[in-house]
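Next up, final-v7.cif (mmCIF, C-alpha atoms and all ligand atoms):
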```
data_run
#
loop_
_atom_site.group_PDB
_atom_site.id
_atom_site.type_symbol
_atom_site.label_atom_id
_atom_site.label_comp_id
_atom_site.auth_asym_id
_atom_site.auth_seq_id
_atom_site.Cartn_x
_atom_site.Cartn_y
_atom_site.Cartn_z
ATOM 1 C CA MET T 526 0.000 0.000 0.000
ATOM 2 C CA ILE T 527 1.135 3.517 -0.742
ATOM 3 C CA VAL T 528 -0.243 6.526 1.135
ATOM 4 C CA LEU T 529 0.363 9.644 -0.927
ATOM 5 C CA ALA T 530 0.754 12.706 1.290
ATOM 6 C CA GLU T 531 3.121 14.697 -0.911
ATOM 7 C CA GLY T 532 1.241 17.984 -0.813
ATOM 8 C CA VAL T 533 0.230 20.217 -3.680
ATOM 9 C CA CYS T 534 3.101 19.276 -6.053
ATOM 10 C CA GLY T 535 1.215 16.035 -6.903
ATOM 11 C CA ARG T 536 4.129 14.583 -8.876
ATOM 12 C CA ILE T 537 3.721 10.996 -7.653
ATOM 13 C CA ALA T 538 -0.073 11.300 -7.595
ATOM 14 C CA ARG T 539 0.004 12.014 -11.337
ATOM 15 C CA MET T 540 2.048 8.826 -11.901
ATOM 16 C CA PHE T 541 -0.871 6.849 -10.444
ATOM 17 C CA GLY T 542 -3.592 8.828 -12.209
ATOM 18 C CA VAL T 543 -4.663 10.374 -8.904
ATOM 19 C CA GLY T 544 -5.460 14.014 -8.041
ATOM 20 C CA GLY T 545 -5.637 17.036 -10.354
ATOM 21 C CA PHE T 546 -7.042 20.379 -9.197
ATOM 22 C CA GLU T 547 -9.637 22.855 -10.409
ATOM 23 C CA LYS T 548 -7.316 25.693 -9.398
ATOM 24 C CA VAL T 549 -4.080 26.310 -7.549
ATOM 25 C CA ILE T 550 -3.799 29.553 -5.568
ATOM 26 C CA SER T 551 -0.266 31.017 -5.344
ATOM 27 C CA CYS T 552 0.558 32.465 -1.930
ATOM 28 C CA ALA T 553 3.124 34.687 -0.237
ATOM 29 C CA GLN T 554 3.229 35.197 3.514
ATOM 30 C CA ILE T 555 5.599 36.939 5.918
ATOM 31 C CA GLU T 556 6.048 36.847 9.673
ATOM 32 C CA THR T 557 6.440 40.398 10.826
ATOM 33 C CA THR T 558 5.704 42.993 13.459
ATOM 34 C CA TYR T 559 2.213 44.335 12.795
ATOM 35 C CA ASP T 560 -0.002 46.687 14.718
ATOM 36 C CA PHE T 561 -3.260 44.680 15.072
ATOM 37 C CA LEU T 562 -6.488 46.561 15.745
ATOM 38 C CA ASP T 563 -7.454 43.706 18.102
ATOM 39 C CA GLU T 564 -5.207 40.692 18.731
ATOM 40 C CA ASP T 565 -8.295 38.478 19.228
ATOM 41 C CA PHE T 566 -9.255 38.839 15.558
ATOM 42 C CA VAL T 567 -7.857 37.770 12.214
ATOM 43 C CA GLU T 568 -8.025 40.538 9.595
ATOM 44 C CA VAL T 569 -9.264 39.585 6.119
ATOM 45 C CA PHE T 570 -9.007 41.827 3.039
ATOM 46 C CA LEU T 571 -11.055 41.034 -0.061
ATOM 47 C CA GLY T 572 -10.795 42.446 -3.558
ATOM 48 C CA SER T 573 -8.289 43.301 -6.244
ATOM 49 C CA TRP T 574 -5.285 43.517 -3.870
ATOM 50 C CA SER T 575 -5.211 39.718 -4.199
ATOM 51 C CA PRO T 576 -7.019 38.707 -7.423
ATOM 52 C CA GLY T 577 -8.897 35.422 -7.041
ATOM 53 C CA PHE T 578 -8.384 34.976 -3.284
ATOM 54 C CA PHE T 579 -7.852 37.233 -0.245
ATOM 55 C CA ALA T 580 -5.226 38.807 1.994
ATOM 56 C CA TRP T 581 -4.927 38.076 5.711
ATOM 57 C CA ALA T 582 -3.220 39.199 8.925
ATOM 58 C CA VAL T 583 -3.174 36.565 11.686
ATOM 59 C CA PRO T 584 -2.045 37.674 15.164
ATOM 60 C CA LEU T 585 0.654 35.592 16.857
ATOM 61 C CA GLY T 586 0.811 37.729 20.022
ATOM 62 C CA ASP T 587 3.228 40.475 21.139
ATOM 63 C CA ASP T 588 2.608 42.603 18.012
ATOM 64 C CA LEU T 589 3.761 39.752 15.773
ATOM 65 C CA GLY T 590 1.674 38.374 12.946
ATOM 66 C CA ARG T 591 1.515 36.369 9.746
ATOM 67 C CA VAL T 592 0.522 38.647 6.908
ATOM 68 C CA GLY T 593 -0.037 37.141 3.486
ATOM 69 C CA LEU T 594 -2.218 36.749 0.466
ATOM 70 C CA GLY T 595 -3.176 34.354 -2.285
ATOM 71 C CA VAL T 596 -3.587 35.005 -5.986
ATOM 72 C CA ASN T 597 -5.234 32.942 -8.707
ATOM 73 C CA PRO T 598 -2.566 32.863 -11.493
ATOM 74 C CA GLU T 599 -5.364 32.747 -14.070
ATOM 75 C CA LEU T 600 -6.381 36.244 -12.970
ATOM 76 C CA SER T 601 -2.943 37.825 -12.480
ATOM 77 C CA ALA T 602 0.434 37.218 -14.117
ATOM 78 C CA SER T 603 2.319 38.941 -11.249
ATOM 79 C CA HIS T 604 4.122 36.957 -8.541
ATOM 80 C CA PRO T 605 2.207 36.762 -5.213
ATOM 81 C CA ALA T 606 5.241 38.337 -3.462
ATOM 82 C CA ASP T 607 4.816 41.414 -5.693
ATOM 83 C CA HIS T 608 1.124 41.557 -4.822
ATOM 84 C CA LEU T 609 2.053 41.259 -1.136
ATOM 85 C CA GLN T 610 4.610 44.065 -1.400
ATOM 86 C CA ASN T 611 2.013 46.276 -3.083
ATOM 87 C CA PHE T 612 -0.597 45.371 -0.447
ATOM 88 C CA LEU T 613 1.772 46.097 2.462
ATOM 89 C CA SER T 614 2.983 49.376 0.988
ATOM 90 C CA ASN T 615 -0.250 50.796 -0.366
ATOM 91 C CA HIS T 616 -3.381 49.362 1.284
ATOM 92 C CA PRO T 617 -5.055 52.319 3.036
ATOM 93 C CA ALA T 618 -6.136 50.186 6.031
ATOM 94 C CA LEU T 619 -2.511 49.251 6.765
ATOM 95 C CA ASN T 620 -1.289 52.807 6.885
ATOM 96 C CA GLY T 621 1.729 52.718 9.276
ATOM 97 C CA ARG T 622 0.664 49.443 10.923
ATOM 98 C CA TYR T 623 3.195 47.292 9.050
ATOM 99 C CA LYS T 624 6.719 48.045 10.246
ATOM 100 C CA GLU T 625 8.788 46.538 7.383
ATOM 101 C CA ASN T 626 10.347 44.087 9.786
ATOM 102 C CA VAL T 627 10.219 40.788 7.882
ATOM 103 C CA MET T 628 11.327 37.758 9.925
ATOM 104 C CA SER T 629 10.464 35.086 7.388
ATOM 105 C CA LEU T 630 8.923 34.742 3.964
ATOM 106 C CA THR T 631 6.908 31.713 2.783
ATOM 107 C CA ILE T 632 5.959 31.129 -0.830
ATOM 108 C CA GLY T 633 3.462 28.318 -1.304
ATOM 109 C CA ALA T 634 0.410 27.088 -3.123
ATOM 110 C CA ILE T 635 -3.082 25.990 -2.148
ATOM 111 C CA PRO T 636 -4.984 23.440 -4.275
ATOM 112 C CA ILE T 637 -8.718 24.067 -4.577
ATOM 113 C CA GLY T 638 -11.200 21.483 -5.883
ATOM 114 C CA LEU T 639 -10.268 17.862 -6.644
ATOM 115 C CA LYS T 640 -10.751 16.999 -10.308
ATOM 116 C CA GLY T 641 -9.807 13.315 -10.314
ATOM 117 C CA ARG T 642 -9.781 10.368 -7.893
ATOM 118 C CA SER T 643 -8.155 10.039 -4.476
ATOM 119 C CA TYR T 644 -7.320 6.333 -4.825
ATOM 120 C CA ALA T 645 -5.860 3.802 -7.250
ATOM 121 C CA ASP T 646 -4.744 0.170 -7.075
ATOM 122 C CA GLY T 647 -2.780 -0.060 -3.795
ATOM 123 C CA VAL T 648 -2.839 3.734 -3.353
ATOM 124 C CA VAL T 649 -4.765 6.264 -1.278
ATOM 125 C CA ALA T 650 -3.978 9.987 -1.266
ATOM 126 C CA VAL T 651 -4.583 12.455 1.560
ATOM 127 C CA GLY T 652 -4.300 16.178 2.226
ATOM 128 C CA ASP T 653 -3.259 18.773 -0.328
ATOM 129 C CA ALA T 654 -2.302 15.981 -2.760
ATOM 130 C CA VAL T 655 -6.044 15.594 -3.386
ATOM 131 C CA ALA T 656 -7.242 19.125 -2.471
ATOM 132 C CA GLN T 657 -8.754 18.225 0.899
ATOM 133 C CA VAL T 658 -8.761 21.946 1.542
ATOM 134 C CA LYS T 659 -11.494 24.437 2.448
ATOM 135 C CA PRO T 660 -12.151 26.427 -0.743
ATOM 136 C CA ILE T 661 -13.050 29.633 1.110
ATOM 137 C CA SER T 662 -10.195 29.868 3.628
ATOM 138 C CA GLY T 663 -7.582 27.615 1.975
ATOM 139 C CA GLY T 664 -7.155 25.773 5.288
ATOM 140 C CA GLY T 665 -6.086 22.167 4.811
ATOM 141 C CA VAL T 666 -4.636 21.030 8.143
ATOM 142 C CA TYR T 667 -7.944 20.013 9.733
ATOM 143 C CA LEU T 668 -9.436 18.342 6.640
ATOM 144 C CA GLY T 669 -6.181 16.563 5.784
ATOM 145 C CA THR T 670 -6.026 15.123 9.302
ATOM 146 C CA LEU T 671 -9.687 14.102 9.229
ATOM 147 C CA CYS T 672 -9.283 12.357 5.874
ATOM 148 C CA GLY T 673 -6.010 10.777 7.048
ATOM 149 C CA ARG T 674 -7.984 9.008 9.770
ATOM 150 C CA ILE T 675 -10.555 7.796 7.251
ATOM 151 C CA ALA T 676 -7.707 6.577 5.011
ATOM 152 C CA ALA T 677 -6.199 4.638 7.948
ATOM 153 C CA GLN T 678 -9.540 2.921 8.659
ATOM 154 C CA THR T 679 -9.994 2.008 4.981
ATOM 155 C CA ILE T 680 -6.465 0.592 4.757
ATOM 156 C CA ALA T 681 -6.935 -1.485 7.930
ATOM 157 C CA GLU T 682 -10.146 -2.962 6.510
ATOM 158 C CA ALA T 683 -8.529 -3.565 3.114
ATOM 159 C CA PHE T 684 -5.685 -5.506 4.796
ATOM 160 C CA GLU T 685 -8.168 -7.526 6.851
ATOM 161 C CA ASN T 686 -9.934 -8.523 3.647
ATOM 162 C CA GLY T 687 -6.674 -9.060 1.754
ATOM 163 C CA ASP T 688 -7.903 -6.736 -1.007
ATOM 164 C CA THR T 689 -6.139 -3.462 -1.827
ATOM 165 C CA SER T 690 -7.596 -3.064 -5.311
ATOM 166 C CA ALA T 691 -8.844 0.323 -6.533
ATOM 167 C CA LYS T 692 -12.385 -1.049 -6.346
ATOM 168 C CA ARG T 693 -11.973 -1.875 -2.652
ATOM 169 C CA LEU T 694 -10.198 1.427 -1.867
ATOM 170 C CA SER T 695 -12.920 3.467 -3.581
ATOM 171 C CA SER T 696 -14.761 3.199 -0.236
ATOM 172 C CA TYR T 697 -12.166 5.726 1.094
ATOM 173 C CA GLU T 698 -13.350 8.379 -1.334
ATOM 174 C CA ARG T 699 -17.007 7.634 -0.624
ATOM 175 C CA ALA T 700 -16.342 7.915 3.129
ATOM 176 C CA TRP T 701 -14.448 11.230 3.058
ATOM 177 C CA LYS T 702 -16.864 12.769 0.577
ATOM 178 C CA LYS T 703 -19.754 11.707 2.813
ATOM 179 C CA GLU T 704 -18.035 13.549 5.667
ATOM 180 C CA ILE T 705 -16.958 16.772 3.913
ATOM 181 C CA GLY T 706 -18.137 16.575 0.284
ATOM 182 C CA ARG T 707 -21.156 18.866 0.657
ATOM 183 C CA GLU T 708 -19.140 21.512 2.517
ATOM 184 C CA LEU T 709 -16.430 21.403 -0.170
ATOM 185 C CA LYS T 710 -18.991 21.768 -2.985
ATOM 186 C CA PHE T 711 -20.747 24.632 -1.242
ATOM 187 C CA GLY T 712 -17.388 26.253 -0.389
ATOM 188 C CA MET T 713 -16.374 26.001 -4.060
ATOM 189 C CA LYS T 714 -19.533 27.834 -5.127
ATOM 190 C CA ILE T 715 -18.852 30.623 -2.628
ATOM 191 C CA HIS T 716 -15.180 30.698 -3.688
ATOM 192 C CA ASN T 717 -16.121 31.090 -7.376
ATOM 193 C CA TRP T 718 -18.628 33.773 -6.504
ATOM 194 C CA ILE T 719 -16.822 35.922 -3.953
ATOM 195 C CA PHE T 720 -13.276 35.784 -5.310
ATOM 196 C CA THR T 721 -14.241 36.902 -8.815
ATOM 197 C CA MET T 722 -16.363 39.815 -7.653
ATOM 198 C CA LYS T 723 -15.529 43.430 -8.501
ATOM 199 C CA ASP T 724 -14.433 45.663 -5.591
ATOM 200 C CA GLU T 725 -17.587 47.822 -5.816
ATOM 201 C CA LYS T 726 -19.836 44.769 -5.465
ATOM 202 C CA ILE T 727 -17.856 43.493 -2.466
ATOM 203 C CA SER T 728 -18.322 46.898 -0.793
ATOM 204 C CA GLU T 729 -22.078 46.787 -1.471
ATOM 205 C CA ILE T 730 -22.390 43.311 0.011
ATOM 206 C CA LEU T 731 -20.317 44.184 3.077
ATOM 207 C CA LYS T 732 -22.586 47.204 3.645
ATOM 208 C CA LEU T 733 -25.586 44.865 3.442
ATOM 209 C CA LEU T 734 -24.002 42.442 5.911
ATOM 210 C CA ASN T 735 -23.272 45.267 8.347
ATOM 211 C CA ASP T 736 -26.674 44.754 9.931
ATOM 212 C CA GLU T 737 -27.137 43.943 13.611
ATOM 213 C CA LYS T 738 -29.412 40.935 12.991
ATOM 214 C CA ILE T 739 -27.102 39.438 10.375
ATOM 215 C CA LEU T 740 -23.998 40.015 12.502
ATOM 216 C CA ASN T 741 -25.724 38.312 15.450
ATOM 217 C CA VAL T 742 -26.453 35.213 13.382
ATOM 218 C CA VAL T 743 -22.899 35.197 11.971
ATOM 219 C CA ASN T 744 -21.372 35.624 15.447
ATOM 220 C CA THR T 745 -23.577 32.883 16.920
ATOM 221 C CA TYR T 746 -23.503 30.278 14.148
ATOM 222 C CA GLY T 747 -20.459 31.210 12.030
ATOM 223 C CA ASP T 748 -18.062 28.282 11.753
ATOM 224 C CA ILE T 749 -15.119 28.379 9.368
ATOM 225 C CA ASP T 750 -15.342 24.572 9.050
ATOM 226 C CA SER T 751 -18.994 24.668 8.072
ATOM 227 C CA PRO T 752 -20.136 27.623 5.918
ATOM 228 C CA LEU T 753 -23.115 25.535 4.798
ATOM 229 C CA SER T 754 -24.679 25.468 8.284
ATOM 230 C CA LEU T 755 -24.299 29.258 8.574
ATOM 231 C CA ALA T 756 -25.921 29.749 5.150
ATOM 232 C CA LYS T 757 -28.861 27.539 6.214
ATOM 233 C CA LYS T 758 -29.298 29.540 9.427
ATOM 234 C CA LEU T 759 -29.185 32.827 7.523
ATOM 235 C CA LEU T 760 -31.757 31.601 5.007
ATOM 236 C CA LYS T 761 -34.050 30.398 7.787
ATOM 237 C CA GLU T 762 -33.860 33.407 10.044
ATOM 238 C CA LEU T 763 -33.234 36.321 7.734
ATOM 239 C CA ASP T 764 -35.073 35.503 4.543
ATOM 240 C CA PHE T 765 -35.806 39.112 3.565
ATOM 241 C CA ASN T 766 -32.210 40.290 3.843
ATOM 242 C CA ILE T 767 -30.955 37.158 2.188
ATOM 243 C CA LEU T 768 -33.309 37.692 -0.732
ATOM 244 C CA ARG T 769 -31.766 41.134 -1.139
ATOM 245 C CA MET T 770 -28.336 39.505 -1.128
ATOM 246 C CA ILE T 771 -29.282 36.810 -3.618
ATOM 247 C CA LYS T 772 -29.743 39.404 -6.340
ATOM 248 C CA PHE T 773 -25.948 39.840 -6.188
ATOM 249 C CA LEU T 774 -25.470 36.097 -6.615
ATOM 250 C CA ILE T 775 -27.230 35.998 -9.977
HETATM 251 C C1 LIG W 1 0.954 30.539 2.918
HETATM 252 C C2 LIG W 1 0.088 29.418 3.403
HETATM 253 C C3 LIG W 1 -0.574 29.545 4.630
HETATM 254 C C4 LIG W 1 -1.409 28.529 5.091
HETATM 255 N N1 LIG W 1 -2.050 28.691 6.279
HETATM 256 C C5 LIG W 1 -2.859 27.709 6.736
HETATM 257 C C6 LIG W 1 -3.549 27.852 7.977
HETATM 258 O O1 LIG W 1 -3.432 28.859 8.673
HETATM 259 N N2 LIG W 1 -4.356 26.829 8.363
HETATM 260 C C7 LIG W 1 -4.525 25.692 7.622
HETATM 261 O O2 LIG W 1 -5.306 24.807 8.005
HETATM 262 N N3 LIG W 1 -3.888 25.538 6.445
HETATM 263 C C8 LIG W 1 -3.050 26.500 5.988
HETATM 264 N N4 LIG W 1 -2.412 26.345 4.803
HETATM 265 C C9 LIG W 1 -2.605 25.080 4.060
HETATM 266 C C10 LIG W 1 -1.796 23.986 4.737
HETATM 267 O O3 LIG W 1 -0.451 24.390 4.841
HETATM 268 C C11 LIG W 1 -1.895 22.696 3.907
HETATM 269 O O4 LIG W 1 -3.253 22.417 3.598
HETATM 270 C C12 LIG W 1 -1.303 21.523 4.659
HETATM 271 O O5 LIG W 1 0.033 21.797 5.021
HETATM 272 C C13 LIG W 1 -1.376 20.286 3.772
HETATM 273 O O6 LIG W 1 -0.727 19.224 4.423
HETATM 274 P P1 LIG W 1 -0.173 18.028 3.587
HETATM 275 O O7 LIG W 1 0.493 17.135 4.586
HETATM 276 O O8 LIG W 1 -1.217 17.461 2.688
HETATM 277 O O9 LIG W 1 0.926 18.645 2.598
HETATM 278 P P2 LIG W 1 2.283 19.403 2.976
HETATM 279 O O10 LIG W 1 2.165 20.150 4.260
HETATM 280 O O11 LIG W 1 2.667 20.165 1.741
HETATM 281 O O12 LIG W 1 3.312 18.220 3.223
HETATM 282 C C14 LIG W 1 3.768 17.406 2.174
HETATM 283 C C15 LIG W 1 5.172 16.961 2.531
HETATM 284 O O13 LIG W 1 5.572 15.934 1.616
HETATM 285 C C16 LIG W 1 6.920 16.198 1.238
HETATM 286 N N5 LIG W 1 7.156 15.532 -0.061
HETATM 287 C C17 LIG W 1 6.674 15.891 -1.273
HETATM 288 N N6 LIG W 1 7.090 15.021 -2.206
HETATM 289 C C18 LIG W 1 7.845 14.101 -1.553
HETATM 290 C C19 LIG W 1 8.553 12.928 -1.996
HETATM 291 N N7 LIG W 1 8.561 12.550 -3.266
HETATM 292 N N8 LIG W 1 9.205 12.216 -1.064
HETATM 293 C C20 LIG W 1 9.179 12.578 0.253
HETATM 294 N N9 LIG W 1 8.527 13.667 0.709
HETATM 295 C C21 LIG W 1 7.873 14.407 -0.188
HETATM 296 C C22 LIG W 1 7.003 17.719 1.173
HETATM 297 O O14 LIG W 1 8.337 18.145 1.263
HETATM 298 C C23 LIG W 1 6.186 18.102 2.407
HETATM 299 O O15 LIG W 1 6.987 18.120 3.573
HETATM 300 C C24 LIG W 1 -1.578 27.343 4.306
HETATM 301 C C25 LIG W 1 -0.916 27.213 3.088
HETATM 302 C C26 LIG W 1 -0.093 28.242 2.629
HETATM 303 C C27 LIG W 1 0.589 28.077 1.294
#
```
Go ahead and render the structure in this file as structure tokens.
Amino acid sequence: MIVLAEGVCGRIARMFGVGGFEKVISCAQIETTYDFLDEDFVEVFLGSWSPGFFAWAVPLGDDLGRVGLGVNPELSASHPADHLQNFLSNHPALNGRYKENVMSLTIGAIPIGLKGRSYADGVVAVGDAVAQVKPISGGGVYLGTLCGRIAAQTIAEAFENGDTSAKRLSSYERAWKKEIGRELKFGMKIHNWIFTMKDEKISEILKLLNDEKILNVVNTYGDIDSPLSLAKKLLKELDFNILRMIKFLI
């Protein structure tokens, strides 16, 4: 048995006809001193500063943070590090808060949306190798770990039955998709919608969301691991406002 956990590069996965992504987001991130507005909150910046994804500032404590962004290469030919430099130097909300004290720089990639299979004869693949990643946030640590456990159970059962064929291992993909498939599909729809939106439209939607009732529902039920449950709650409790929002979806 081979467990493929090689990350986004997917070189070995391709040899087995496994993997393939709908998109790959290019990222640049620095660790730096940064003047957070509130160290209990992550800052998220949408729009054309990071075409096709978003920019973030994550507090690490003691005025330190990870500041980075992702870019969809289909929407921008510039390197993500150039986008990051532009964001840090020119974004009006950062005015003076970034101190040009870079402690480390990470360049990486985030796979979004699995196109092919996550198994083959004697092979299962986990994590970024098969885009087990949240399409809205790009987070893959939790989902990769969850699917790793499912892979381990499938492999144990396959050994018990003495059958590691692709047909037998297909139960791995059914099991992880049963667990997270709907969230990934829904997340992909939101990803395709929100990260291709013009700046003016984003501003309009954020104005609409800046409503006490909506913010209460988001604060109570918002869960980065489950955008679908938040959407259901919003639809149930705030149908009028949501109807106003849906006109932007079409
Ligand atoms: C800038 C950035 C910030 C991120 N921030 C977050 C975050 O805050 N939260 C979150 O949940 N996710 C985050 N992610 C995503 C997260 O890093 C990945 O989803 C996660 O690391 C995937 O784990 P993995 O084990 O599948 O792959 P990886 O972490 O990429 O590990 C794969 C490993 O396999 C090794 N490897 C590859 N090929 C071979 C080979 N042939 N032989 C031996 N070894 C090999 C690689 O060197 C690597 O060490 C971020 C990603 C980026 C790019």
(message) Taking (-13.3, 12.6, -5.6) in the coordinates of the supplied file, I want to know which residues reach to within 12 Å of it, counting all atoms listed in the file; could you give the answer as a ChimeraX atom specification?
(response) /T:543-547,638-645,649-651,654-657,695-703,705-707,709-710
Expected file contents, prior selection, C-alpha atoms, as a CSV table (one decimal), keeping the file's coordinate frame:
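What landed in again.csv:
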```csv
chain,number,residue,atom,x,y,z
T,543,VAL,CA,-4.7,10.4,-8.9
T,544,GLY,CA,-5.5,14.0,-8.0
T,545,GLY,CA,-5.6,17.0,-10.4
T,546,PHE,CA,-7.0,20.4,-9.2
T,547,GLU,CA,-9.6,22.9,-10.4
T,638,GLY,CA,-11.2,21.5,-5.9
T,639,LEU,CA,-10.3,17.9,-6.6
T,640,LYS,CA,-10.8,17.0,-10.3
T,641,GLY,CA,-9.8,13.3,-10.3
T,642,ARG,CA,-9.8,10.4,-7.9
T,643,SER,CA,-8.2,10.0,-4.5
T,644,TYR,CA,-7.3,6.3,-4.8
T,645,ALA,CA,-5.9,3.8,-7.2
T,649,VAL,CA,-4.8,6.3,-1.3
T,650,ALA,CA,-4.0,10.0,-1.3
T,651,VAL,CA,-4.6,12.5,1.6
T,654,ALA,CA,-2.3,16.0,-2.8
T,655,VAL,CA,-6.0,15.6,-3.4
T,656,ALA,CA,-7.2,19.1,-2.5
T,657,GLN,CA,-8.8,18.2,0.9
T,695,SER,CA,-12.9,3.5,-3.6
T,696,SER,CA,-14.8,3.2,-0.2
T,697,TYR,CA,-12.2,5.7,1.1
T,698,GLU,CA,-13.4,8.4,-1.3
T,699,ARG,CA,-17.0,7.6,-0.6
T,700,ALA,CA,-16.3,7.9,3.1
T,701,TRP,CA,-14.4,11.2,3.1
T,702,LYS,CA,-16.9,12.8,0.6
T,703,LYS,CA,-19.8,11.7,2.8
T,705,ILE,CA,-17.0,16.8,3.9
T,706,GLY,CA,-18.1,16.6,0.3
T,707,ARG,CA,-21.2,18.9,0.7
T,709,LEU,CA,-16.4,21.4,-0.2
T,710,LYS,CA,-19.0,21.8,-3.0
```
Within-6 Å residues of ligand LIG 1 (chain W), basis only C-alpha atoms and all ligand atoms, as a PDB file with C-alpha atoms, in the frame of the given file:
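Contents of out_14.pdb, as written:
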```pdb
ATOM      1  CA  ALA T 530       0.754  12.706   1.290  1.00  0.00           C
ATOM      2  CA  GLU T 531       3.121  14.697  -0.911  1.00  0.00           C
ATOM      3  CA  GLY T 532       1.241  17.984  -0.813  1.00  0.00           C
ATOM      4  CA  VAL T 533       0.230  20.217  -3.680  1.00  0.00           C
ATOM      5  CA  CYS T 552       0.558  32.465  -1.930  1.00  0.00           C
ATOM      6  CA  ALA T 553       3.124  34.687  -0.237  1.00  0.00           C
ATOM      7  CA  GLN T 554       3.229  35.197   3.514  1.00  0.00           C
ATOM      8  CA  GLY T 633       3.462  28.318  -1.304  1.00  0.00           C
ATOM      9  CA  ALA T 634       0.410  27.088  -3.123  1.00  0.00           C
ATOM     10  CA  ILE T 635      -3.082  25.990  -2.148  1.00  0.00           C
ATOM     11  CA  GLY T 652      -4.300  16.178   2.226  1.00  0.00           C
ATOM     12  CA  ASP T 653      -3.259  18.773  -0.328  1.00  0.00           C
ATOM     13  CA  ALA T 654      -2.302  15.981  -2.760  1.00  0.00           C
ATOM     14  CA  VAL T 658      -8.761  21.946   1.542  1.00  0.00           C
ATOM     15  CA  GLY T 663      -7.582  27.615   1.975  1.00  0.00           C
ATOM     16  CA  GLY T 664      -7.155  25.773   5.288  1.00  0.00           C
ATOM     17  CA  GLY T 665      -6.086  22.167   4.811  1.00  0.00           C
ATOM     18  CA  VAL T 666      -4.636  21.030   8.143  1.00  0.00           C
ATOM     19  CA  TYR T 667      -7.944  20.013   9.733  1.00  0.00           C
ATOM     20  CA  GLY T 669      -6.181  16.563   5.784  1.00  0.00           C
TER      21      GLY T 669
END
```
(message) I'd like the neighbourhood of Leu571 in chain T as a ChimeraX atom specification, where a residue qualifies if any of its atoms comes within 12 Å (using only C-alpha atoms), though same-chain residues fewer than 3 positions away should be ignored.
(response) /T:568,574-581,594-596,612,616,661-662,716,719-728,730-731
(request) Please provide the set of residues having any atom within 7 Å of range 676-680 of chain T, restricted to all atoms listed in the file, with same-chain residues fewer than 2 positions apart removed, written as a list in words. (result)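 Listing them by chain and then by number gives Val649, Cys672, Gly673, Arg674, Glu682, Ala683, Phe684, Leu694 and Tyr697 of chain T.
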(request) Figure out the distance between CA of Cys534 in chain T and CA of Asp688 in chain T, please, to one decimal in Å. (result)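 Atom-to-atom, CA of Asp688 in chain T to CA of Cys534 in chain T, that is 28.7 Å.
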(request) State, in Å with one decimal place, the distance from CA of Leu740 in chain T to CA of Met713 in chain T. (result)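 That distance, rounded to one decimal, is 23.0 Å.
One finds CA of Lys714 in chain T at 10.8 Å from CA of Leu753 in chain T.
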(request) Go through T:Gly535, T:Gly647, T:Pro752, T:Pro598 and flag the residue nearest Gly687 in chain T, using all atoms listed in the file for the distances. (result)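 Of T:Gly535, T:Gly647, T:Pro752, T:Pro598, the one nearest Gly687 in chain T is T:Gly647, counting all atoms listed in the file.
Distances to Gly621 in chain T were evaluated for T:Val528, T:Phe561, T:Asp587, T:Ile715 using all atoms listed in the file, and the minimum falls at T:Phe561.
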(request) Report as JSON, numbers by chain the full result of the PyMOL selection byres (((chain T and resi 564) around 10) and not hetatm) when it is applied to this structure. (result) {"T": [560, 561, 562, 563, 565, 566, 567, 568, 583, 584, 585, 586, 587, 588, 589, 590]}
Extract range 548-574 of chain T from the coordinates I pasted, and write it as an mmCIF file, in the first residue's frame (atoms kept: C-alpha atoms).
```
data_model
loop_
_atom_site.group_PDB
_atom_site.id
_atom_site.type_symbol
_atom_site.label_atom_id
_atom_site.label_comp_id
_atom_site.auth_asym_id
_atom_site.auth_seq_id
_atom_site.Cartn_x
_atom_site.Cartn_y
_atom_site.Cartn_z
ATOM 1 C CA LYS T 548 -7.316 25.693 -9.398
ATOM 2 C CA VAL T 549 -4.080 26.310 -7.549
ATOM 3 C CA ILE T 550 -3.799 29.553 -5.568
ATOM 4 C CA SER T 551 -0.266 31.017 -5.344
ATOM 5 C CA CYS T 552 0.558 32.465 -1.930
ATOM 6 C CA ALA T 553 3.124 34.687 -0.237
ATOM 7 C CA GLN T 554 3.229 35.197 3.514
ATOM 8 C CA ILE T 555 5.599 36.939 5.918
ATOM 9 C CA GLU T 556 6.048 36.847 9.673
ATOM 10 C CA THR T 557 6.440 40.398 10.826
ATOM 11 C CA THR T 558 5.704 42.993 13.459
ATOM 12 C CA TYR T 559 2.213 44.335 12.795
ATOM 13 C CA ASP T 560 -0.002 46.687 14.718
ATOM 14 C CA PHE T 561 -3.260 44.680 15.072
ATOM 15 C CA LEU T 562 -6.488 46.561 15.745
ATOM 16 C CA ASP T 563 -7.454 43.706 18.102
ATOM 17 C CA GLU T 564 -5.207 40.692 18.731
ATOM 18 C CA ASP T 565 -8.295 38.478 19.228
ATOM 19 C CA PHE T 566 -9.255 38.839 15.558
ATOM 20 C CA VAL T 567 -7.857 37.770 12.214
ATOM 21 C CA GLU T 568 -8.025 40.538 9.595
ATOM 22 C CA VAL T 569 -9.264 39.585 6.119
ATOM 23 C CA PHE T 570 -9.007 41.827 3.039
ATOM 24 C CA LEU T 571 -11.055 41.034 -0.061
ATOM 25 C CA GLY T 572 -10.795 42.446 -3.558
ATOM 26 C CA SER T 573 -8.289 43.301 -6.244
ATOM 27 C CA TRP T 574 -5.285 43.517 -3.870
#
```
